[in-house]
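Presented below is the structure to which this report refers.
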Amino acid sequence: MFFFVSSIGKKLTYRKTKIFSKNYPKMSQEVKKLANFMAGQWTNKKQATEFPSNWSHIQVSFYPLEYSFLNAFSFYTESANEYSLDEPYKTGILTFEKKGEIIEAKTFSIIGPEDFWYGAYEPSLLENLTKERIIASRNACDMEFRYDSEKDLFKGLTKPGKQCIIPREGKPTYLDSTILIDKNEYSSLDIGRNPETDELVWGPKAGPFVFSKKKTYPISNQ
């Protein structure tokens, strides 16, 4: 899934964040569109119901944070089993930044993430989330998104270079992730490949997770 990799990096230090704002500066319309597509709650209920032996029923939430928190569109993210939304198995921070023809999606891990569990559904739980509590990810594991105007969707791929290394059974593999997202559907596929041969080493045999949007969070009126 998106944000599969555990982040490694240096601590950032700045002031306390504020939750959800509509005070965003003017910027790339593509970045704004991607942020609007992403913001919300997503569920793979249909997939999990139709193929329960292949898919757990999970929910992913992207809750928008104050723009000034990281000087970018940013989200507090949670991934959890549907039956335990208050105990997510993965949390983090996501940001978007326009760089030339691509939009770079960076992830950050959180120090003491359990302090903020369920914050994607109860924003008051995020009031003490500060920059001192987050750690920047490895750049090699960032995603790069491109907009397809004909299909009105974004496609995201792991940054090229085979540098996002994930050890598996004592051997290195590199993460090869693909994301497709539009305003209603979001699919995510994470696989690991051999760095020398590009041979598939691990990944779901049944294909990508497929989510539909359950709830939308507005990010801006601009």
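Residues are referred to by chain and number: the chain letter is A, B, ... according to the order shown in the structure tokens, the number counts from 1 in that chain, and ligands are numbered separately from 1 in the order shown.
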
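Proximity to stretch 189-205 of chain A at 6 Å, evaluated using only C-alpha atoms and with sequence-adjacent residues fewer than 3 positions away removed, yields Met1, Thr173, Tyr174, Leu175, Asp176, Ser177, Thr178 and Pro208 of chain A.
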
In stretch 106-150 of chain A, DSSP helix (DSSP H, G or I) residues written as an MDAnalysis selection string: chainID A and resid 113:116 123:126 131:133 139:141

Could you turn the residues from that selection into a file that holds N, CA, C and O atoms, as a CSV table (one decimal), in the first residue's frame?
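Output (selection.csv):
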```csv
chain,number,residue,atom,x,y,z
A,113,PRO,N,3.6,7.4,17.6
A,113,PRO,CA,2.3,7.5,16.8
A,113,PRO,C,1.1,7.2,17.5
A,113,PRO,O,0.0,7.7,17.2
A,114,GLU,N,1.2,6.3,18.5
A,114,GLU,CA,-0.1,5.9,19.3
A,114,GLU,C,-0.7,7.1,20.0
A,114,GLU,O,-1.9,7.1,20.3
A,115,ASP,N,0.0,8.2,20.2
A,115,ASP,CA,-0.6,9.4,20.8
A,115,ASP,C,-1.6,10.0,19.9
A,115,ASP,O,-2.5,10.8,20.4
A,116,PHE,N,-1.6,9.7,18.7
A,116,PHE,CA,-2.5,10.4,17.7
A,116,PHE,C,-3.5,9.4,17.0
A,116,PHE,O,-4.2,9.8,16.1
A,123,PRO,N,-10.2,15.0,14.8
A,123,PRO,CA,-9.1,15.9,14.6
A,123,PRO,C,-8.6,16.5,15.9
A,123,PRO,O,-7.4,16.9,15.9
A,124,SER,N,-9.4,16.6,16.9
A,124,SER,CA,-8.9,17.2,18.2
A,124,SER,C,-7.7,16.4,18.7
A,124,SER,O,-6.9,16.9,19.5
A,125,LEU,N,-7.6,15.1,18.4
A,125,LEU,CA,-6.5,14.3,18.8
A,125,LEU,C,-5.2,14.7,18.2
A,125,LEU,O,-4.1,14.2,18.7
A,126,LEU,N,-5.2,15.5,17.2
A,126,LEU,CA,-4.0,15.9,16.5
A,126,LEU,C,-3.5,17.3,17.0
A,126,LEU,O,-2.4,17.8,16.5
A,131,LYS,N,6.1,19.5,14.6
A,131,LYS,CA,7.2,19.1,13.7
A,131,LYS,C,8.3,18.3,14.5
A,131,LYS,O,9.0,17.6,13.9
A,132,GLU,N,8.4,18.6,15.8
A,132,GLU,CA,9.4,17.8,16.6
A,132,GLU,C,9.1,16.3,16.6
A,132,GLU,O,9.9,15.5,17.0
A,133,ARG,N,7.8,16.0,16.3
A,133,ARG,CA,7.4,14.6,16.4
A,133,ARG,C,7.4,13.9,15.1
A,133,ARG,O,7.0,12.7,15.0
A,139,ASN,N,14.6,9.9,0.7
A,139,ASN,CA,14.1,10.5,-0.6
A,139,ASN,C,13.9,9.4,-1.6
A,139,ASN,O,13.0,9.5,-2.5
A,140,ALA,N,14.7,8.3,-1.6
A,140,ALA,CA,14.6,7.3,-2.6
A,140,ALA,C,13.2,6.6,-2.6
A,140,ALA,O,12.8,5.9,-3.6
A,141,CYS,N,12.5,6.7,-1.5
A,141,CYS,CA,11.2,6.0,-1.3
A,141,CYS,C,10.0,6.9,-1.6
A,141,CYS,O,8.9,6.6,-1.4
```

Contact residues around A:Ser61 with only C-alpha atoms at 9 Å, ignoring same-chain residues under 6 positions, as a list of chain:residue names: A:Met38, A:Ala39, A:Gly40, A:Gln41, A:Trp42, A:Thr43, A:Tyr76, A:Thr77, A:Glu78, A:Ser79, A:Ala80, A:Ala120, A:Tyr121

Secondary structure check, strand (DSSP E or B) residues of stretch 47-218 of chain A, as a VMD selection string: chain A and resid 58 to 65 73 to 81 90 to 99 102 to 110 130 134 to 136 143 to 148 153 to 158 165 to 168 171 to 181 185 to 193 200 to 202 209 to 216

Would you write out, as a tab-separated table, a table of all residues in stretch 39-123 of chain A that have an atom no more than 12 Å from an atom of stretch 159-166 of chain A, listing for each the closest atom pair and the distance in Å to one decimal, considering only C-alpha atoms and ordering rows by chain and rising residue number?
```
residue	atom	partner	partner_atom	distance
A:Ile102	CA	A:Lys159	CA	10.6
A:Ile103	CA	A:Lys159	CA	11.0
A:Glu104	CA	A:Lys159	CA	8.8
A:Ala105	CA	A:Lys159	CA	9.7
A:Lys106	CA	A:Lys159	CA	10.5
```

Among listed residues A:Phe73, A:Phe62, A:Phe209, A:Asp182, nearest A:Glu150 (using only C-alpha atoms): A:Asp182

Nearest to A:Phe75 by atom-to-atom distance, counting only C-alpha atoms, from A:Pro218, A:Gly207, A:Pro88, A:Pro167: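 Once distances to A:Phe75 are computed over only C-alpha atoms, the minimum belongs to A:Pro218.
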
Pick from A:Glu50, A:Asp152, A:Glu101, A:Glu169 nearest to A:Glu185, counting only C-alpha atoms: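 Checking each candidate against A:Glu185, we get A:Asp152 as the closest.
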